[in-house]
$ cat final-v4.pdb   # PDB, C-alpha atoms, pLDDT in the B column
ATOM      1  CA  PHE A   1     110.378 100.612 112.229  1.00 89.00           C
ATOM      2  CA  MET A   2     112.065 104.006 112.519  1.00 91.00           C
ATOM      3  CA  ALA A   3     109.916 105.003 115.504  1.00 93.00           C
ATOM      4  CA  ARG A   4     110.758 101.712 117.245  1.00 93.00           C
ATOM      5  CA  GLU A   5     114.432 102.519 116.710  1.00 93.00           C
ATOM      6  CA  GLY A   6     113.997 105.805 118.579  1.00 90.00           C
ATOM      7  CA  PHE A   7     113.871 108.246 115.660  1.00 90.00           C
ATOM      8  CA  THR A   8     111.411 111.124 115.491  1.00 88.00           C
ATOM      9  CA  VAL A   9     109.170 110.175 112.565  1.00 92.00           C
ATOM     10  CA  SER A  10     107.021 112.234 110.207  1.00 93.00           C
ATOM     11  CA  GLY A  11     105.081 110.934 107.228  1.00 93.00           C
ATOM     12  CA  ILE A  12     102.898 112.223 104.443  1.00 94.00           C
ATOM     13  CA  ASP A  13     100.471 110.491 102.095  1.00 93.00           C
ATOM     14  CA  GLY A  14      97.660 111.681  99.873  1.00 91.00           C
ATOM     15  CA  SER A  15      95.484 108.826 101.102  1.00 92.00           C
ATOM     16  CA  VAL A  16      93.368 109.413 104.197  1.00 96.00           C
ATOM     17  CA  THR A  17      93.109 105.634 104.611  1.00 96.00           C
ATOM     18  CA  ALA A  18      96.897 105.148 104.506  1.00 94.00           C
ATOM     19  CA  ILE A  19      97.475 107.838 107.126  1.00 96.00           C
ATOM     20  CA  GLU A  20      94.714 106.442 109.350  1.00 97.00           C
ATOM     21  CA  LYS A  21      96.258 102.949 109.157  1.00 97.00           C
ATOM     22  CA  ALA A  22      99.684 104.370 110.018  1.00 96.00           C
ATOM     23  CA  ARG A  23      98.231 106.239 113.001  1.00 96.00           C
ATOM     24  CA  GLN A  24      96.442 103.088 114.208  1.00 97.00           C
ATOM     25  CA  ARG A  25      99.626 101.056 113.987  1.00 96.00           C
ATOM     26  CA  ILE A  26     101.717 103.662 115.811  1.00 96.00           C
ATOM     27  CA  THR A  27      99.068 103.881 118.553  1.00 96.00           C
ATOM     28  CA  ALA A  28      98.815 100.080 118.860  1.00 97.00           C
ATOM     29  CA  GLU A  29     102.588  99.848 119.266  1.00 96.00           C
ATOM     30  CA  ARG A  30     102.593 102.738 121.792  1.00 96.00           C
ATOM     31  CA  LEU A  31     104.971 104.778 119.661  1.00 96.00           C
ATOM     32  CA  GLN A  32     104.890 108.363 118.458  1.00 95.00           C
ATOM     33  CA  ALA A  33     104.945 109.794 114.954  1.00 95.00           C
ATOM     34  CA  HIS A  34     103.558 112.801 113.128  1.00 93.00           C
ATOM     35  CA  PHE A  35     101.494 111.969 110.025  1.00 95.00           C
ATOM     36  CA  GLU A  36      99.864 114.339 107.552  1.00 93.00           C
ATOM     37  CA  VAL A  37      97.378 113.783 104.761  1.00 95.00           C
ATOM     38  CA  GLY A  38      98.724 115.972 102.011  1.00 93.00           C
ATOM     39  CA  ASP A  39     100.495 116.472  98.740  1.00 92.00           C
ATOM     40  CA  VAL A  40     104.110 115.305  98.721  1.00 92.00           C
ATOM     41  CA  ALA A  41     104.803 118.130  96.262  1.00 91.00           C
ATOM     42  CA  ALA A  42     104.288 120.457  99.274  1.00 90.00           C
ATOM     43  CA  LEU A  43     106.682 118.458 101.443  1.00 89.00           C
ATOM     44  CA  GLN A  44     108.825 121.400 102.518  1.00 85.00           C
ATOM     45  CA  LYS A  45     105.819 123.561 103.389  1.00 87.00           C
ATOM     46  CA  THR A  46     104.182 120.731 105.346  1.00 89.00           C
ATOM     47  CA  PHE A  47     107.270 119.961 107.426  1.00 88.00           C
ATOM     48  CA  SER A  48     109.118 123.303 107.490  1.00 81.00           C
ATOM     49  CA  GLU A  49     108.448 123.792 111.221  1.00 83.00           C
ATOM     50  CA  MET A  50     110.171 120.506 112.044  1.00 82.00           C
ATOM     51  CA  PRO A  51     113.902 120.319 112.782  1.00 78.00           C
ATOM     52  CA  PRO A  52     116.189 119.156 109.960  1.00 91.00           C
ATOM     53  CA  TYR A  53     115.815 115.430 109.345  1.00 92.00           C
ATOM     54  CA  ASP A  54     118.412 112.696 109.705  1.00 94.00           C
ATOM     55  CA  GLY A  55     116.877 110.828 106.798  1.00 95.00           C
ATOM     56  CA  VAL A  56     114.196 110.775 104.144  1.00 95.00           C
ATOM     57  CA  ILE A  57     112.609 107.556 102.899  1.00 96.00           C
ATOM     58  CA  ASP A  58     110.632 107.347  99.666  1.00 96.00           C
ATOM     59  CA  VAL A  59     109.176 103.975  98.743  1.00 95.00           C
ATOM     60  CA  CYS A  60     107.503 104.225  95.343  1.00 95.00           C
ATOM     61  CA  CYS A  61     106.025 107.703  95.859  1.00 95.00           C
ATOM     62  CA  LEU A  62     108.089 109.650  93.323  1.00 96.00           C
ATOM     63  CA  GLN A  63     107.055 107.270  90.540  1.00 97.00           C
ATOM     64  CA  HIS A  64     103.499 108.611  90.755  1.00 96.00           C
ATOM     65  CA  ASN A  65     104.635 112.098  89.746  1.00 94.00           C
ATOM     66  CA  SER A  66     105.883 113.679  86.560  1.00 93.00           C
ATOM     67  CA  VAL A  67     109.665 113.953  86.265  1.00 94.00           C
ATOM     68  CA  GLU A  68     109.347 117.709  86.798  1.00 94.00           C
ATOM     69  CA  ASN A  69     107.377 117.167  90.014  1.00 94.00           C
ATOM     70  CA  ALA A  70     109.809 114.462  91.156  1.00 96.00           C
ATOM     71  CA  GLU A  71     112.668 116.935  90.652  1.00 96.00           C
ATOM     72  CA  ARG A  72     110.908 119.534  92.828  1.00 95.00           C
ATOM     73  CA  ILE A  73     110.099 116.929  95.496  1.00 96.00           C
ATOM     74  CA  ILE A  74     113.716 115.707  95.618  1.00 97.00           C
ATOM     75  CA  GLY A  75     114.809 119.344  96.031  1.00 96.00           C
ATOM     76  CA  GLN A  76     112.440 119.622  98.991  1.00 95.00           C
ATOM     77  CA  MET A  77     113.797 116.381 100.455  1.00 95.00           C
ATOM     78  CA  TRP A  78     117.284 117.888 100.172  1.00 95.00           C
ATOM     79  CA  ALA A  79     116.146 121.078 101.923  1.00 94.00           C
ATOM     80  CA  LEU A  80     114.606 119.119 104.831  1.00 93.00           C
ATOM     81  CA  LEU A  81     117.712 116.998 105.418  1.00 95.00           C
ATOM     82  CA  LYS A  82     120.405 118.086 107.826  1.00 95.00           C
ATOM     83  CA  THR A  83     124.025 118.019 106.682  1.00 97.00           C
ATOM     84  CA  GLY A  84     125.039 114.371 106.751  1.00 98.00           C
ATOM     85  CA  GLY A  85     121.392 113.308 106.367  1.00 97.00           C
ATOM     86  CA  LYS A  86     120.618 110.167 104.376  1.00 97.00           C
ATOM     87  CA  LEU A  87     118.238 109.499 101.506  1.00 98.00           C
ATOM     88  CA  PHE A  88     116.650 106.161 100.571  1.00 98.00           C
ATOM     89  CA  SER A  89     114.395 105.944  97.524  1.00 98.00           C
ATOM     90  CA  MET A  90     112.774 103.147  95.512  1.00 98.00           C
ATOM     91  CA  LEU A  91     111.356 103.893  92.058  1.00 98.00           C
ATOM     92  CA  ILE A  92     109.976 101.708  89.278  1.00 98.00           C
ATOM     93  CA  ALA A  93     112.302 101.270  86.291  1.00 98.00           C
ATOM     94  CA  GLU A  94     111.577 101.640  82.596  1.00 97.00           C
ATOM     95  CA  GLY A  95     111.019  98.224  81.019  1.00 96.00           C
ATOM     96  CA  SER A  96     109.109  96.878  84.010  1.00 97.00           C
ATOM     97  CA  TYR A  97     105.743  95.214  83.540  1.00 96.00           C
ATOM     98  CA  GLY A  98     103.232  97.958  82.780  1.00 95.00           C
ATOM     99  CA  SER A  99     105.676 100.391  81.174  1.00 96.00           C
ATOM    100  CA  ALA A 100     104.248  99.708  77.701  1.00 95.00           C
ATOM    101  CA  MET A 101     100.605  99.755  78.828  1.00 96.00           C
ATOM    102  CA  GLY A 102      98.055 102.489  79.235  1.00 96.00           C
ATOM    103  CA  GLU A 103      97.886 105.929  77.718  1.00 96.00           C
ATOM    104  CA  HIS A 104     101.215 107.635  76.960  1.00 95.00           C
ATOM    105  CA  VAL A 105     101.692 110.933  78.789  1.00 95.00           C
ATOM    106  CA  ASP A 106     105.313 111.103  77.621  1.00 90.00           C
ATOM    107  CA  SER A 107     107.978 108.586  76.660  1.00 90.00           C
ATOM    108  CA  HIS A 108     108.181 106.992  80.123  1.00 96.00           C
ATOM    109  CA  THR A 109     104.933 108.050  81.805  1.00 97.00           C
ATOM    110  CA  ARG A 110     101.626 106.202  81.589  1.00 97.00           C
ATOM    111  CA  VAL A 111      98.087 106.585  82.905  1.00 97.00           C
ATOM    112  CA  ASP A 112      95.123 104.216  82.780  1.00 97.00           C
ATOM    113  CA  ILE A 113      97.166 101.014  82.974  1.00 97.00           C
ATOM    114  CA  ALA A 114      94.560  98.270  82.627  1.00 94.00           C
ATOM    115  CA  GLU A 115      96.207  95.348  84.445  1.00 93.00           C
ATOM    116  CA  GLY A 116      98.717  94.379  87.088  1.00 91.00           C
ATOM    117  CA  PRO A 117      99.645  96.292  90.250  1.00 91.00           C
ATOM    118  CA  PHE A 118      99.494  99.659  88.463  1.00 95.00           C
ATOM    119  CA  LYS A 119      95.861  99.165  87.446  1.00 95.00           C
ATOM    120  CA  GLY A 120      93.776 102.075  88.684  1.00 93.00           C
ATOM    121  CA  VAL A 121      96.611 103.995  90.383  1.00 94.00           C
ATOM    122  CA  GLY A 122      96.730 106.932  87.976  1.00 95.00           C
ATOM    123  CA  LEU A 123     100.008 108.315  86.697  1.00 97.00           C
ATOM    124  CA  VAL A 124     103.123 106.114  86.770  1.00 98.00           C
ATOM    125  CA  HIS A 125     106.536 107.259  85.593  1.00 98.00           C
ATOM    126  CA  PHE A 126     108.967 104.462  84.732  1.00 98.00           C
ATOM    127  CA  PHE A 127     112.431 105.912  85.418  1.00 98.00           C
ATOM    128  CA  THR A 128     115.520 105.421  83.270  1.00 97.00           C
ATOM    129  CA  ILE A 129     119.000 105.182  84.782  1.00 98.00           C
ATOM    130  CA  SER A 130     119.930 108.546  83.257  1.00 97.00           C
ATOM    131  CA  GLU A 131     116.912 110.194  84.929  1.00 97.00           C
ATOM    132  CA  ILE A 132     117.877 108.670  88.279  1.00 98.00           C
ATOM    133  CA  GLN A 133     121.484 109.841  87.932  1.00 98.00           C
ATOM    134  CA  ARG A 134     120.372 113.376  87.042  1.00 97.00           C
ATOM    135  CA  LEU A 135     117.638 113.672  89.677  1.00 97.00           C
ATOM    136  CA  PHE A 136     119.835 112.538  92.565  1.00 98.00           C
ATOM    137  CA  ALA A 137     123.110 114.130  91.390  1.00 98.00           C
ATOM    138  CA  ALA A 138     123.275 116.544  94.361  1.00 97.00           C
ATOM    139  CA  PHE A 139     123.712 113.670  96.825  1.00 98.00           C
ATOM    140  CA  ALA A 140     127.158 112.469  97.809  1.00 98.00           C
ATOM    141  CA  ASP A 141     127.988 108.784  98.194  1.00 97.00           C
ATOM    142  CA  LEU A 142     125.240 108.131  95.655  1.00 98.00           C
ATOM    143  CA  GLN A 143     124.535 104.446  95.223  1.00 98.00           C
ATOM    144  CA  ILE A 144     122.135 103.269  92.528  1.00 98.00           C
ATOM    145  CA  GLU A 145     121.242  99.608  92.553  1.00 98.00           C
ATOM    146  CA  TYR A 146     118.149  97.699  91.534  1.00 98.00           C
ATOM    147  CA  SER A 147     115.908  94.981  92.821  1.00 98.00           C
ATOM    148  CA  VAL A 148     113.890  92.705  90.538  1.00 97.00           C
ATOM    149  CA  ARG A 149     110.770  90.782  91.464  1.00 96.00           C
ATOM    150  CA  SER A 150     108.442  88.613  89.477  1.00 95.00           C
ATOM    151  CA  TYR A 151     104.719  88.938  89.025  1.00 92.00           C
ATOM    152  CA  ASN A 152     101.984  86.904  87.350  1.00 92.00           C
ATOM    153  CA  GLU A 153     103.417  83.494  88.277  1.00 94.00           C
ATOM    154  CA  MET A 154     106.945  84.609  87.302  1.00 95.00           C
ATOM    155  CA  HIS A 155     105.929  85.616  83.754  1.00 94.00           C
ATOM    156  CA  ASP A 156     106.467  89.338  84.235  1.00 95.00           C
ATOM    157  CA  LEU A 157     109.165  91.341  85.992  1.00 95.00           C
ATOM    158  CA  TYR A 158     109.361  94.560  87.965  1.00 95.00           C
ATOM    159  CA  LYS A 159     112.652  96.329  88.397  1.00 97.00           C
ATOM    160  CA  HIS A 160     112.924  98.959  91.134  1.00 98.00           C
ATOM    161  CA  TRP A 161     115.796 101.395  91.367  1.00 98.00           C
ATOM    162  CA  VAL A 162     117.137 101.492  94.927  1.00 98.00           C
ATOM    163  CA  VAL A 163     118.868 104.811  95.532  1.00 98.00           C
ATOM    164  CA  THR A 164     120.834 105.948  98.579  1.00 98.00           C
ATOM    165  CA  GLY A 165     122.818 109.096  99.167  1.00 98.00           C
ATOM    166  CA  THR A 166     124.044 111.645 101.690  1.00 98.00           C
ATOM    167  CA  LYS A 167     123.559 115.399 101.895  1.00 98.00           C
ATOM    168  CA  LEU A 168     126.932 117.074 102.406  1.00 95.00           C
TER     169      LEU A 168
END
$ encode --input "final-v4.pdb" --output "structure tokens"
Amino acid sequence: FMAREGFTVSGIDGSVTAIEKARQRITAERLQAHFEVGDVAALQKTFSEMPPYDGVIDVCCLQHNSVENAERIIGQMWALLKTGGKLFSMLIAEGSYGSAMGEHVDSHTRVDIAEGPFKGVGLVHFFTISEIQRLFAAFADLQIEYSVRSYNEMHDLYKHWVVTGTKL
């Protein structure tokens, strides 16, 4: 979408398959984008040669990191943004389906969730509102909302924090 709108686009994912699919789609649509297979925790190193970005989009990536790692990644997002740059992030909320399953890593982090969409994905951190407020505190015009969707024939719910902000 961003490439179609004329933006210069870069992306990173730890999955070779995800990056290959993104490259195929960009090629099929005759657009341009720069994609890297890599660790999002090395975001700044991976993209340091690029010009400052107008925006950073995170859709459910940070939730697969510890809070400490998420804090470092958000700091790198900040560093890559130009002044006036925008942030959009979606993260799973504490209390969502799966947050009481699996092995406890800490009070809001689980691994080995045995059912649902988080089955087999490894570490999942279910964020609290206070964590979101603290992690994104450096951004101006910070807006924290949430989106809820059902799962399992409407028996279970997922709540995603939807966070936007501006680097001043």
$ closest_atom_pairs --input "final-v4.pdb" --of "stretch 26-77 of chain A" --to "stretch 3-16 of chain A" --cutoff "10 Å" --atoms "only C-alpha atoms" --output "Markdown table"
| residue | atom | partner | partner_atom | distance |
| --- | --- | --- | --- | --- |
| A:Ile26 | CA | A:Ala3 | CA | 8.3 |
| A:Glu29 | CA | A:Arg4 | CA | 8.6 |
| A:Arg30 | CA | A:Arg4 | CA | 9.4 |
| A:Leu31 | CA | A:Ala3 | CA | 6.5 |
| A:Gln32 | CA | A:Ala3 | CA | 6.7 |
| A:Ala33 | CA | A:Val9 | CA | 4.9 |
| A:His34 | CA | A:Ser10 | CA | 4.6 |
| A:Phe35 | CA | A:Gly11 | CA | 4.7 |
| A:Glu36 | CA | A:Ile12 | CA | 4.8 |
| A:Val37 | CA | A:Asp13 | CA | 5.2 |
| A:Gly38 | CA | A:Gly14 | CA | 4.9 |
| A:Asp39 | CA | A:Gly14 | CA | 5.7 |
| A:Val40 | CA | A:Ile12 | CA | 6.6 |
| A:Ala42 | CA | A:Ile12 | CA | 9.8 |
| A:Leu43 | CA | A:Ile12 | CA | 7.9 |
| A:Thr46 | CA | A:Ile12 | CA | 8.7 |
| A:Phe47 | CA | A:Ser10 | CA | 8.2 |
| A:Met50 | CA | A:Ser10 | CA | 9.0 |
| A:Pro51 | CA | A:Thr8 | CA | 9.9 |
| A:Tyr53 | CA | A:Thr8 | CA | 8.7 |
| A:Asp54 | CA | A:Phe7 | CA | 8.7 |
| A:Gly55 | CA | A:Val9 | CA | 9.6 |
| A:Val56 | CA | A:Ser10 | CA | 9.5 |
| A:Ile57 | CA | A:Gly11 | CA | 9.3 |
| A:Cys61 | CA | A:Asp13 | CA | 8.8 |
$ residues_around --input "final-v4.pdb" --residues "A:Phe139" --least-positions-apart "2" --cutoff "9 Å" --atoms "only C-alpha atoms" --output "PDB file with C-alpha atoms, keeping the file's coordinate frame"
ATOM      1  CA  TRP A  78     117.284 117.888 100.172  1.00 95.00           C
ATOM      2  CA  LYS A  86     120.618 110.167 104.376  1.00 97.00           C
ATOM      3  CA  LEU A  87     118.238 109.499 101.506  1.00 98.00           C
ATOM      4  CA  PHE A 136     119.835 112.538  92.565  1.00 98.00           C
ATOM      5  CA  ALA A 137     123.110 114.130  91.390  1.00 98.00           C
ATOM      6  CA  ASP A 141     127.988 108.784  98.194  1.00 97.00           C
ATOM      7  CA  LEU A 142     125.240 108.131  95.655  1.00 98.00           C
ATOM      8  CA  THR A 164     120.834 105.948  98.579  1.00 98.00           C
ATOM      9  CA  GLY A 165     122.818 109.096  99.167  1.00 98.00           C
ATOM     10  CA  THR A 166     124.044 111.645 101.690  1.00 98.00           C
ATOM     11  CA  LYS A 167     123.559 115.399 101.895  1.00 98.00           C
ATOM     12  CA  LEU A 168     126.932 117.074 102.406  1.00 95.00           C
TER      13      LEU A 168
END
$ residues_around --input "final-v4.pdb" --residues "A:Asn65" --least-positions-apart "3" --cutoff "9 Å" --atoms "all atoms listed in the file" --output "PyMOL selection string"
chain A and resi 41+61-62+68-70+109+123-125
$ atom_distance --input "final-v4.pdb" --atom1 "atom CA of A:Asp156" --atom2 "atom CA of A:Gly102"
16.4 Å
$ resolve_selection --input "final-v4.pdb" --expression "the PyMOL selection byres ((chain A and resi 117) around 12)" --output "PDB file with C-alpha atoms, in the coordinates of the input"
ATOM      1  CA  ILE A  92     109.976 101.708  89.278  1.00 98.00           C
ATOM      2  CA  SER A  96     109.109  96.878  84.010  1.00 97.00           C
ATOM      3  CA  TYR A  97     105.743  95.214  83.540  1.00 96.00           C
ATOM      4  CA  GLY A  98     103.232  97.958  82.780  1.00 95.00           C
ATOM      5  CA  SER A  99     105.676 100.391  81.174  1.00 96.00           C
ATOM      6  CA  MET A 101     100.605  99.755  78.828  1.00 96.00           C
ATOM      7  CA  ASP A 112      95.123 104.216  82.780  1.00 97.00           C
ATOM      8  CA  ILE A 113      97.166 101.014  82.974  1.00 97.00           C
ATOM      9  CA  ALA A 114      94.560  98.270  82.627  1.00 94.00           C
ATOM     10  CA  GLU A 115      96.207  95.348  84.445  1.00 93.00           C
ATOM     11  CA  GLY A 116      98.717  94.379  87.088  1.00 91.00           C
ATOM     12  CA  PHE A 118      99.494  99.659  88.463  1.00 95.00           C
ATOM     13  CA  LYS A 119      95.861  99.165  87.446  1.00 95.00           C
ATOM     14  CA  GLY A 120      93.776 102.075  88.684  1.00 93.00           C
ATOM     15  CA  VAL A 121      96.611 103.995  90.383  1.00 94.00           C
ATOM     16  CA  GLY A 122      96.730 106.932  87.976  1.00 95.00           C
ATOM     17  CA  VAL A 124     103.123 106.114  86.770  1.00 98.00           C
ATOM     18  CA  SER A 150     108.442  88.613  89.477  1.00 95.00           C
ATOM     19  CA  TYR A 151     104.719  88.938  89.025  1.00 92.00           C
ATOM     20  CA  ASN A 152     101.984  86.904  87.350  1.00 92.00           C
ATOM     21  CA  ASP A 156     106.467  89.338  84.235  1.00 95.00           C
ATOM     22  CA  LEU A 157     109.165  91.341  85.992  1.00 95.00           C
ATOM     23  CA  TYR A 158     109.361  94.560  87.965  1.00 95.00           C
TER      24      TYR A 158
END
$ atom_distance --input "final-v4.pdb" --atom1 "atom CA of A:Ala22" --atom2 "atom CA of A:Glu71"
26.5 Å
$ atom_distance --input "final-v4.pdb" --atom1 "atom CA of A:Trp161" --atom2 "atom CA of A:Thr83"
24.1 Å
$ residues_around --input "final-v4.pdb" --residues "A:Met90" --least-positions-apart "4" --cutoff "7 Å" --atoms "only C-alpha atoms" --output "PyMOL selection string"
chain A and resi 58-60+160-163
$ closest_residue --input "final-v4.pdb" --among "A:Ala93, A:Ile132, A:Ala100, A:Met2" --to "A:Lys159" --atoms "all atoms listed in the file"
A:Ala93
$ residues_around --input "final-v4.pdb" --residues "A:Gln44" --least-positions-apart "3" --cutoff "8 Å" --atoms "all atoms listed in the file" --output "MDAnalysis selection string"
chainID A and resid 47:48 76:77 79:80
$ write_last_selection --input "final-v4.pdb" --atoms "C-alpha atoms" --output "JSON list (two decimals), in the coordinates of the input"
[["chain", "number", "residue", "atom", "x", "y", "z"],
["A", 47, "PHE", "CA", 107.27, 119.96, 107.43],
["A", 48, "SER", "CA", 109.12, 123.30, 107.49],
["A", 76, "GLN", "CA", 112.44, 119.62, 98.99],
["A", 77, "MET", "CA", 113.80, 116.38, 100.46],
["A", 79, "ALA", "CA", 116.15, 121.08, 101.92],
["A", 80, "LEU", "CA", 114.61, 119.12, 104.83]]
$ resolve_selection --input "final-v4.pdb" --expression "the PyMOL selection byres ((chain A and resi 128) around 9)" --output "NGL selection string"
:A and (92-95 or 108 or 126-127 or 129-133)
$ build_atoms --input "final-v4.pdb" --residues "stretch 61-80 of chain A" --atoms "N, CA and C atoms" --output "PDB file, in the frame of the given file"
ATOM      1  N   CYS A  61     106.868 106.509  95.913  1.00 95.00           N
ATOM      2  CA  CYS A  61     106.025 107.703  95.859  1.00 95.00           C
ATOM      3  C   CYS A  61     106.373 108.542  94.633  1.00 95.00           C
ATOM      4  N   LEU A  62     107.664 108.783  94.427  1.00 96.00           N
ATOM      5  CA  LEU A  62     108.089 109.650  93.323  1.00 96.00           C
ATOM      6  C   LEU A  62     107.614 109.141  91.969  1.00 96.00           C
ATOM      7  N   GLN A  63     107.453 107.840  91.824  1.00 97.00           N
ATOM      8  CA  GLN A  63     107.055 107.270  90.540  1.00 97.00           C
ATOM      9  C   GLN A  63     105.632 107.642  90.150  1.00 97.00           C
ATOM     10  N   HIS A  64     104.868 108.197  91.061  1.00 96.00           N
ATOM     11  CA  HIS A  64     103.499 108.611  90.755  1.00 96.00           C
ATOM     12  C   HIS A  64     103.419 110.121  90.555  1.00 96.00           C
ATOM     13  N   ASN A  65     104.521 110.678  90.069  1.00 94.00           N
ATOM     14  CA  ASN A  65     104.635 112.098  89.746  1.00 94.00           C
ATOM     15  C   ASN A  65     105.324 112.242  88.400  1.00 94.00           C
ATOM     16  N   SER A  66     105.120 113.384  87.771  1.00 93.00           N
ATOM     17  CA  SER A  66     105.883 113.679  86.560  1.00 93.00           C
ATOM     18  C   SER A  66     107.350 113.835  86.945  1.00 93.00           C
ATOM     19  N   VAL A  67     108.240 113.766  85.986  1.00 94.00           N
ATOM     20  CA  VAL A  67     109.665 113.953  86.265  1.00 94.00           C
ATOM     21  C   VAL A  67     109.900 115.348  86.837  1.00 94.00           C
ATOM     22  N   GLU A  68     109.194 116.337  86.305  1.00 94.00           N
ATOM     23  CA  GLU A  68     109.347 117.709  86.798  1.00 94.00           C
ATOM     24  C   GLU A  68     108.935 117.803  88.268  1.00 94.00           C
ATOM     25  N   ASN A  69     107.820 117.176  88.621  1.00 94.00           N
ATOM     26  CA  ASN A  69     107.377 117.167  90.014  1.00 94.00           C
ATOM     27  C   ASN A  69     108.359 116.396  90.889  1.00 94.00           C
ATOM     28  N   ALA A  70     108.838 115.256  90.400  1.00 96.00           N
ATOM     29  CA  ALA A  70     109.809 114.462  91.156  1.00 96.00           C
ATOM     30  C   ALA A  70     111.057 115.291  91.434  1.00 96.00           C
ATOM     31  N   GLU A  71     111.494 116.076  90.465  1.00 96.00           N
ATOM     32  CA  GLU A  71     112.668 116.935  90.652  1.00 96.00           C
ATOM     33  C   GLU A  71     112.424 117.961  91.764  1.00 96.00           C
ATOM     34  N   ARG A  72     111.254 118.568  91.771  1.00 95.00           N
ATOM     35  CA  ARG A  72     110.908 119.534  92.828  1.00 95.00           C
ATOM     36  C   ARG A  72     110.827 118.842  94.196  1.00 95.00           C
ATOM     37  N   ILE A  73     110.238 117.663  94.231  1.00 96.00           N
ATOM     38  CA  ILE A  73     110.099 116.929  95.496  1.00 96.00           C
ATOM     39  C   ILE A  73     111.478 116.543  96.042  1.00 96.00           C
ATOM     40  N   ILE A  74     112.366 116.073  95.189  1.00 97.00           N
ATOM     41  CA  ILE A  74     113.716 115.707  95.618  1.00 97.00           C
ATOM     42  C   ILE A  74     114.439 116.940  96.151  1.00 97.00           C
ATOM     43  N   GLY A  75     114.238 118.092  95.518  1.00 96.00           N
ATOM     44  CA  GLY A  75     114.809 119.344  96.031  1.00 96.00           C
ATOM     45  C   GLY A  75     114.292 119.668  97.422  1.00 96.00           C
ATOM     46  N   GLN A  76     113.017 119.396  97.663  1.00 95.00           N
ATOM     47  CA  GLN A  76     112.440 119.622  98.991  1.00 95.00           C
ATOM     48  C   GLN A  76     112.990 118.617 100.005  1.00 95.00           C
ATOM     49  N   MET A  77     113.183 117.379  99.570  1.00 95.00           N
ATOM     50  CA  MET A  77     113.797 116.381 100.455  1.00 95.00           C
ATOM     51  C   MET A  77     115.174 116.878 100.883  1.00 95.00           C
ATOM     52  N   TRP A  78     115.939 117.357  99.912  1.00 95.00           N
ATOM     53  CA  TRP A  78     117.284 117.888 100.172  1.00 95.00           C
ATOM     54  C   TRP A  78     117.213 119.009 101.215  1.00 95.00           C
ATOM     55  N   ALA A  79     116.274 119.925 101.026  1.00 94.00           N
ATOM     56  CA  ALA A  79     116.146 121.078 101.923  1.00 94.00           C
ATOM     57  C   ALA A  79     115.774 120.657 103.347  1.00 94.00           C
ATOM     58  N   LEU A  80     115.027 119.580 103.505  1.00 93.00           N
ATOM     59  CA  LEU A  80     114.606 119.119 104.831  1.00 93.00           C
ATOM     60  C   LEU A  80     115.668 118.302 105.555  1.00 93.00           C
TER      61      LEU A  80
END
